[in-house]
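Participant: Handing over structure-v1.pdb, PDB, C-alpha atoms.
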ATOM      1  CA  VAL A   1       6.657 134.326 202.276
ATOM      2  CA  GLY A   2       3.739 134.916 199.979
ATOM      3  CA  CYS A   3       5.716 133.989 196.857
ATOM      4  CA  ASP A   4       3.925 132.210 194.040
ATOM      5  CA  CYS A   5       6.875 131.510 191.715
ATOM      6  CA  ASP A   6       7.336 128.022 190.228
ATOM      7  CA  THR A   7      10.018 127.079 192.769
ATOM      8  CA  CYS A   8       7.977 128.079 195.823
ATOM      9  CA  ARG A   9       4.783 126.526 194.470
ATOM     10  CA  GLU A  10       6.625 123.252 193.760
ATOM     11  CA  ALA A  11       8.127 123.269 197.272
ATOM     12  CA  ARG A  12       4.687 123.686 198.854
ATOM     13  CA  GLU A  13       3.288 120.853 196.715
ATOM     14  CA  ARG A  14       6.140 118.558 197.785
ATOM     15  CA  GLY A  15       5.915 119.633 201.428
ATOM     16  CA  VAL A  16       9.528 120.801 201.565
ATOM     17  CA  GLU A  17      10.885 123.922 203.148
ATOM     18  CA  ARG A  18      14.156 125.757 202.647
ATOM     19  CA  SER A  19      16.320 126.187 205.680
ATOM     20  CA  ARG A  20      19.300 128.459 205.733
ATOM     21  CA  PHE A  21      22.865 127.272 205.242
ATOM     22  CA  SER A  22      24.683 125.344 207.974
ATOM     23  CA  VAL A  23      26.807 122.257 207.408
ATOM     24  CA  HIS A  24      27.678 119.679 210.079
ATOM     25  CA  VAL A  25      30.836 117.603 209.600
ATOM     26  CA  GLU A  26      31.551 114.846 212.113
ATOM     27  CA  ASN A  27      35.000 113.357 212.729
ATOM     28  CA  GLU A  28      34.200 109.805 213.757
ATOM     29  CA  ARG A  29      37.797 109.134 214.875
ATOM     30  CA  THR A  30      37.955 112.028 217.350
ATOM     31  CA  GLY A  31      34.281 112.250 218.279
ATOM     32  CA  GLU A  32      34.343 115.966 217.425
ATOM     33  CA  SER A  33      32.147 117.794 214.964
ATOM     34  CA  LEU A  34      32.398 121.028 213.048
ATOM     35  CA  LEU A  35      29.603 123.476 212.243
ATOM     36  CA  ILE A  36      30.208 125.462 209.076
ATOM     37  CA  ASP A  37      28.153 128.650 209.333
ATOM     38  CA  ALA A  38      25.570 129.243 212.026
ATOM     39  CA  SER A  39      22.361 129.991 210.195
ATOM     40  CA  PRO A  40      19.346 131.332 212.081
ATOM     41  CA  ASP A  41      17.892 127.834 211.550
ATOM     42  CA  PHE A  42      20.752 125.870 213.112
ATOM     43  CA  ARG A  43      18.991 125.461 216.500
ATOM     44  CA  HIS A  44      15.955 123.928 214.772
ATOM     45  CA  GLN A  45      18.220 121.853 212.531
ATOM     46  CA  PHE A  46      19.952 120.345 215.577
ATOM     47  CA  LEU A  47      16.628 119.745 217.335
ATOM     48  CA  THR A  48      15.240 117.826 214.357
ATOM     49  CA  GLN A  49      18.342 115.942 213.175
ATOM     50  CA  ASP A  50      20.159 113.215 215.055
ATOM     51  CA  VAL A  51      23.635 114.763 215.114
ATOM     52  CA  PRO A  52      25.833 115.815 218.022
ATOM     53  CA  LEU A  53      26.326 119.469 218.854
ATOM     54  CA  PRO A  54      29.458 120.909 217.246
ATOM     55  CA  THR A  55      32.775 121.135 219.023
ATOM     56  CA  ALA A  56      33.781 124.197 216.960
ATOM     57  CA  ALA A  57      32.466 126.385 214.148
ATOM     58  CA  VAL A  58      33.744 128.183 211.058
ATOM     59  CA  ILE A  59      31.980 131.311 209.801
ATOM     60  CA  THR A  60      32.505 131.930 206.090
ATOM     61  CA  HIS A  61      31.024 135.437 205.905
ATOM     62  CA  ILE A  62      28.849 137.900 207.783
ATOM     63  CA  HIS A  63      25.587 137.732 205.859
ATOM     64  CA  PHE A  64      22.653 137.218 208.234
ATOM     65  CA  ASP A  65      21.826 133.738 206.953
ATOM     66  CA  HIS A  66      25.340 132.456 207.746
ATOM     67  CA  VAL A  67      26.125 134.005 211.126
ATOM     68  CA  ASP A  68      23.069 135.083 213.094
ATOM     69  CA  GLY A  69      22.410 131.647 214.564
ATOM     70  CA  LEU A  70      25.338 132.366 216.898
ATOM     71  CA  GLY A  71      22.871 134.330 219.001
ATOM     72  CA  ASN A  72      21.588 130.935 220.212
ATOM     73  CA  ALA A  73      25.025 129.921 221.517
ATOM     74  CA  TYR A  74      24.397 131.046 225.085
ATOM     75  CA  ARG A  75      21.544 128.539 225.382
ATOM     76  CA  VAL A  76      23.353 125.655 223.714
ATOM     77  CA  PHE A  77      27.106 125.688 224.434
ATOM     78  CA  ASP A  78      29.415 125.970 227.400
ATOM     79  CA  ASP A  79      32.186 126.994 224.993
ATOM     80  CA  LEU A  80      32.232 127.278 221.217
ATOM     81  CA  PRO A  81      35.484 128.136 219.426
ATOM     82  CA  VAL A  82      34.603 130.007 216.220
ATOM     83  CA  TYR A  83      37.104 130.392 213.379
ATOM     84  CA  ALA A  84      36.794 133.128 210.745
ATOM     85  CA  ALA A  85      38.942 134.953 208.204
ATOM     86  CA  ASP A  86      41.303 137.646 209.465
ATOM     87  CA  ALA A  87      41.589 139.530 206.138
ATOM     88  CA  VAL A  88      40.147 143.046 206.339
ATOM     89  CA  ASP A  89      37.158 143.640 204.060
ATOM     90  CA  PRO A  90      37.419 147.063 202.360
ATOM     91  CA  ALA A  91      33.611 147.440 202.471
ATOM     92  CA  THR A  92      33.362 147.036 206.263
ATOM     93  CA  GLU A  93      36.938 147.928 207.254
ATOM     94  CA  GLU A  94      37.077 144.865 209.487
ATOM     95  CA  SER A  95      37.611 141.150 209.037
ATOM     96  CA  VAL A  96      34.937 138.484 209.317
ATOM     97  CA  ALA A  97      36.579 137.437 212.607
ATOM     98  CA  ASP A  98      36.460 141.008 213.938
ATOM     99  CA  THR A  99      32.823 141.431 212.903
ATOM    100  CA  VAL A 100      31.841 138.208 214.687
ATOM    101  CA  ARG A 101      33.885 139.259 217.721
ATOM    102  CA  ARG A 102      32.207 142.697 217.814
ATOM    103  CA  LYS A 103      28.670 141.558 217.016
ATOM    104  CA  TYR A 104      28.691 138.741 219.581
ATOM    105  CA  ASP A 105      30.872 140.338 222.265
ATOM    106  CA  TYR A 106      28.110 139.650 224.814
ATOM    107  CA  LEU A 107      28.472 135.881 224.294
ATOM    108  CA  ASP A 108      31.175 134.769 226.699
ATOM    109  CA  ARG A 109      30.687 131.211 225.435
ATOM    110  CA  VAL A 110      31.909 132.118 221.934
ATOM    111  CA  THR A 111      35.658 132.492 221.437
ATOM    112  CA  VAL A 112      36.694 133.861 218.041
ATOM    113  CA  HIS A 113      39.948 132.651 216.439
ATOM    114  CA  ASP A 114      41.501 134.379 213.420
ATOM    115  CA  ALA A 115      42.285 132.258 210.364
ATOM    116  CA  SER A 116      44.257 133.538 207.385
ATOM    117  CA  PRO A 117      42.922 132.694 203.920
ATOM    118  CA  PHE A 118      44.874 129.850 202.244
ATOM    119  CA  ASP A 119      46.538 128.875 205.558
ATOM    120  CA  PRO A 120      45.178 125.541 206.853
ATOM    121  CA  VAL A 121      44.007 125.451 210.462
ATOM    122  CA  ARG A 122      43.508 122.169 212.376
ATOM    123  CA  ILE A 123      39.928 122.146 213.693
ATOM    124  CA  CYS A 124      38.251 119.026 215.090
ATOM    125  CA  GLY A 125      41.031 116.892 213.620
ATOM    126  CA  PHE A 126      40.496 118.307 210.103
ATOM    127  CA  ASP A 127      42.698 120.664 208.092
ATOM    128  CA  CYS A 128      40.387 123.565 207.250
ATOM    129  CA  THR A 129      41.311 126.251 204.726
ATOM    130  CA  LEU A 130      39.297 129.380 203.978
ATOM    131  CA  VAL A 131      39.555 130.607 200.369
ATOM    132  CA  PRO A 132      38.089 133.818 198.891
ATOM    133  CA  VAL A 133      35.030 133.477 196.665
ATOM    134  CA  ASP A 134      33.004 136.193 194.983
ATOM    135  CA  HIS A 135      29.645 137.150 196.508
ATOM    136  CA  PRO A 136      29.487 140.958 196.526
ATOM    137  CA  PRO A 137      29.316 143.310 198.199
ATOM    138  CA  LEU A 138      31.160 141.703 201.135
ATOM    139  CA  ASP A 139      34.177 139.399 201.351
ATOM    140  CA  CYS A 140      33.031 135.782 201.423
ATOM    141  CA  TYR A 141      34.968 132.550 201.759
ATOM    142  CA  GLY A 142      34.690 129.012 200.585
ATOM    143  CA  LEU A 143      36.205 126.284 202.724
ATOM    144  CA  THR A 144      38.075 123.043 202.255
ATOM    145  CA  VAL A 145      37.871 120.445 205.007
ATOM    146  CA  GLU A 146      40.450 117.697 204.610
ATOM    147  CA  ASP A 147      41.027 114.624 206.731
ATOM    148  CA  PRO A 148      44.811 114.319 207.166
ATOM    149  CA  GLU A 149      44.549 110.582 207.834
ATOM    150  CA  THR A 150      42.282 109.464 204.982
ATOM    151  CA  GLY A 151      42.873 112.285 202.489
ATOM    152  CA  ALA A 152      39.098 112.789 202.104
ATOM    153  CA  LYS A 153      38.227 116.309 201.035
ATOM    154  CA  LEU A 154      35.080 118.421 201.286
ATOM    155  CA  SER A 155      34.963 121.659 199.283
ATOM    156  CA  LEU A 156      32.227 124.073 200.164
ATOM    157  CA  SER A 157      30.962 127.490 199.208
ATOM    158  CA  GLY A 158      27.999 128.861 201.091
ATOM    159  CA  ASP A 159      27.492 131.737 198.667
ATOM    160  CA  THR A 160      29.366 132.515 195.498
ATOM    161  CA  SER A 161      29.135 133.741 191.932
ATOM    162  CA  TYR A 162      31.031 132.388 188.943
ATOM    163  CA  ALA A 163      33.929 134.801 189.560
ATOM    164  CA  VAL A 164      35.910 132.556 191.929
ATOM    165  CA  PRO A 165      39.603 133.538 191.808
ATOM    166  CA  ASP A 166      41.925 131.016 190.131
ATOM    167  CA  ASP A 167      43.912 130.286 193.320
ATOM    168  CA  SER A 168      40.658 129.586 195.179
ATOM    169  CA  ARG A 169      39.431 127.316 192.356
ATOM    170  CA  GLU A 170      42.701 125.420 192.610
ATOM    171  CA  ALA A 171      42.301 124.979 196.382
ATOM    172  CA  LEU A 172      38.668 123.840 196.014
ATOM    173  CA  ALA A 173      39.417 121.484 193.086
ATOM    174  CA  ASP A 174      39.095 117.698 193.140
ATOM    175  CA  PRO A 175      37.010 117.190 196.277
ATOM    176  CA  ASP A 176      35.335 113.953 197.265
ATOM    177  CA  LEU A 177      32.249 116.074 197.937
ATOM    178  CA  LEU A 178      31.390 119.580 196.709
ATOM    179  CA  LEU A 179      28.672 121.582 198.454
ATOM    180  CA  ALA A 180      27.627 124.803 196.757
ATOM    181  CA  ASP A 181      24.688 126.736 198.123
ATOM    182  CA  GLY A 182      22.338 128.010 195.459
ATOM    183  CA  ILE A 183      18.744 128.541 194.442
ATOM    184  CA  VAL A 184      17.705 127.017 191.130
ATOM    185  CA  PRO A 185      14.404 126.904 189.252
ATOM    186  CA  ALA A 186      11.984 124.110 190.187
TER     187      ALA A 186
END
Now that the file is in, can you turn its structure into structure tokens?
Facilitator:
Amino acid sequence: VGCDCDTCREARERGVERSRFSVHVENERTGESLLIDASPDFRHQFLTQDVPLPTAAVITHIHFDHVDGLGNAYRVFDDLPVYAADAVDPATEESVADTVRRKYDYLDRVTVHDASPFDPVRICGFDCTLVPVDHPPLDCYGLTVEDPETGAKLSLSGDTSYAVPDDSREALADPDLLLADGIVPA
């Protein structure tokens, strides 16, 4: 808002607008779909894009732009299973799953499920694995989404620096598609 840097000026000239990070992955075999992060823009994103509402969600970390769209869940879902890391963050003294559980305890339509980093969890017919990435000051996770039938692999990091741990780099390596959220000069 009110920025006149090269990137923002170029965006205005092109008529484009940044929306916050949410990723929709559809499993055509099962008819289910997965929402990765619930940005404050996800309601608008679903209203303007021709995609089905998600069957489940994964939250990678508790920064506002990745989780606060869950506040819309009571208007949109009858039930939304939400998966998040169970590792305790030293900065907050609770896990991402516990923070989501606490922050959205008033949403009876959201059910939080703990997921351990590096342990695959079957969600919407995909094998999903949270892996630590570096985006201080809070614990943040990248995610792999693999189709057990086709072997297709999506590697994703909603926020990260260059300091991704070696075991996480190994887990994220060799995807068919890599999504890395970032802001770059125009």
Participant: In Å, rounded to a single decimal, give me how far atom CA of Cys140 of chain A is from atom CA of Ile62 of chain A.
Facilitator: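 One can read the atom CA of Ile62 of chain A to atom CA of Cys140 of chain A distance as 7.9 Å.
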Participant: Need the shell around Ser33 of chain A: protein/DNA/RNA residues with any atom at most 10 Å away, counting all atoms listed in the file. Skip same-chain ones fewer than 2 positions apart. Format as JSON, numbers by chain?
Facilitator: {"A": [24, 25, 26, 27, 28, 30, 31, 35, 36, 51, 52, 53, 54, 55, 56, 57, 123, 124, 125, 126]}
Participant: With the PyMOL selection byres ((chain A and resi 72-81) around 9) as the selection, what would be picked from this file? Answer as a list in words, please.
Facilitator: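 Selected by the PyMOL selection byres ((chain A and resi 72-81) around 9) here: Pro40, Phe42, Arg43, Leu53, Pro54, Thr55, Ala56, Ala57, Val58, Asp68, Gly69, Leu70, Gly71, Val82, Tyr83, Leu107, Asp108, Arg109, Val110, Thr111, Val112 and His113 of chain A.
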Participant: For the selection just defined, write its residues with C-alpha atoms to a file, as a PDB file, in the frame of the given file.
Facilitator:
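What landed in part07.pdb:
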ATOM      1  CA  PRO A  40      19.346 131.332 212.081  1.00  0.00           C
ATOM      2  CA  PHE A  42      20.752 125.870 213.112  1.00  0.00           C
ATOM      3  CA  ARG A  43      18.991 125.461 216.500  1.00  0.00           C
ATOM      4  CA  LEU A  53      26.326 119.469 218.854  1.00  0.00           C
ATOM      5  CA  PRO A  54      29.458 120.909 217.246  1.00  0.00           C
ATOM      6  CA  THR A  55      32.775 121.135 219.023  1.00  0.00           C
ATOM      7  CA  ALA A  56      33.781 124.197 216.960  1.00  0.00           C
ATOM      8  CA  ALA A  57      32.466 126.385 214.148  1.00  0.00           C
ATOM      9  CA  VAL A  58      33.744 128.183 211.058  1.00  0.00           C
ATOM     10  CA  ASP A  68      23.069 135.083 213.094  1.00  0.00           C
ATOM     11  CA  GLY A  69      22.410 131.647 214.564  1.00  0.00           C
ATOM     12  CA  LEU A  70      25.338 132.366 216.898  1.00  0.00           C
ATOM     13  CA  GLY A  71      22.871 134.330 219.001  1.00  0.00           C
ATOM     14  CA  VAL A  82      34.603 130.007 216.220  1.00  0.00           C
ATOM     15  CA  TYR A  83      37.104 130.392 213.379  1.00  0.00           C
ATOM     16  CA  LEU A 107      28.472 135.881 224.294  1.00  0.00           C
ATOM     17  CA  ASP A 108      31.175 134.769 226.699  1.00  0.00           C
ATOM     18  CA  ARG A 109      30.687 131.211 225.435  1.00  0.00           C
ATOM     19  CA  VAL A 110      31.909 132.118 221.934  1.00  0.00           C
ATOM     20  CA  THR A 111      35.658 132.492 221.437  1.00  0.00           C
ATOM     21  CA  VAL A 112      36.694 133.861 218.041  1.00  0.00           C
ATOM     22  CA  HIS A 113      39.948 132.651 216.439  1.00  0.00           C
TER      23      HIS A 113
END
Participant: Any chance you could resolve the PyMOL selection byres ((chain A and resi 173-178) around 8) against this file and give the residues as a list of chain:residue names?
Facilitator: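 Against this file, the PyMOL selection byres ((chain A and resi 173-178) around 8) returns the residues A:Ala152, A:Lys153, A:Leu154, A:Ser155, A:Leu156, A:Arg169, A:Glu170, A:Ala171, A:Leu172, A:Leu179, A:Ala180.
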Participant: Enter the distance from atom CA of Ala115 of chain A to atom CA of Ala87 of chain A, in Å, rounded to one decimal.
Facilitator: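 Taking atom CA of Ala115 of chain A and atom CA of Ala87 of chain A, their separation equals 8.4 Å.
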Participant: To one decimal in Å, tell me the separation between atom CA of His61 of chain A and atom CA of Thr129 of chain A.
Facilitator: 13.8 Å
Participant: Take every atom of segment 21-37 of chain A listed in the file, fit an axis-aligned box around them, add 5 Å per side, and give the centre and edge lengths in Å to one decimal as AutoDock Vina command-line options.
Facilitator:
--center_x 30.4 --center_y 118.9 --center_z 211.8 --size_x 25.1 --size_y 29.5 --size_z 23.0
Participant: Kindly indicate which residue among A:Thr150, A:Gln45, A:Ser116, A:Ser39 lies nearest to His63 of chain A, using all atoms listed in the file for the distances.
Facilitator: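 Using all atoms listed in the file, His63 of chain A sits closest to A:Ser39.
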Participant: Counting all atoms listed in the file, find residues at most 7 Å from (37.5, 133.8, 203.4) (file frame) and give them as a list in words.
Facilitator: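 In the file's frame, the residues around the point are Thr60, Ala85, Pro117, Leu130, Val131, Pro132, Asp139, Cys140, Tyr141 and Gly142 of chain A.
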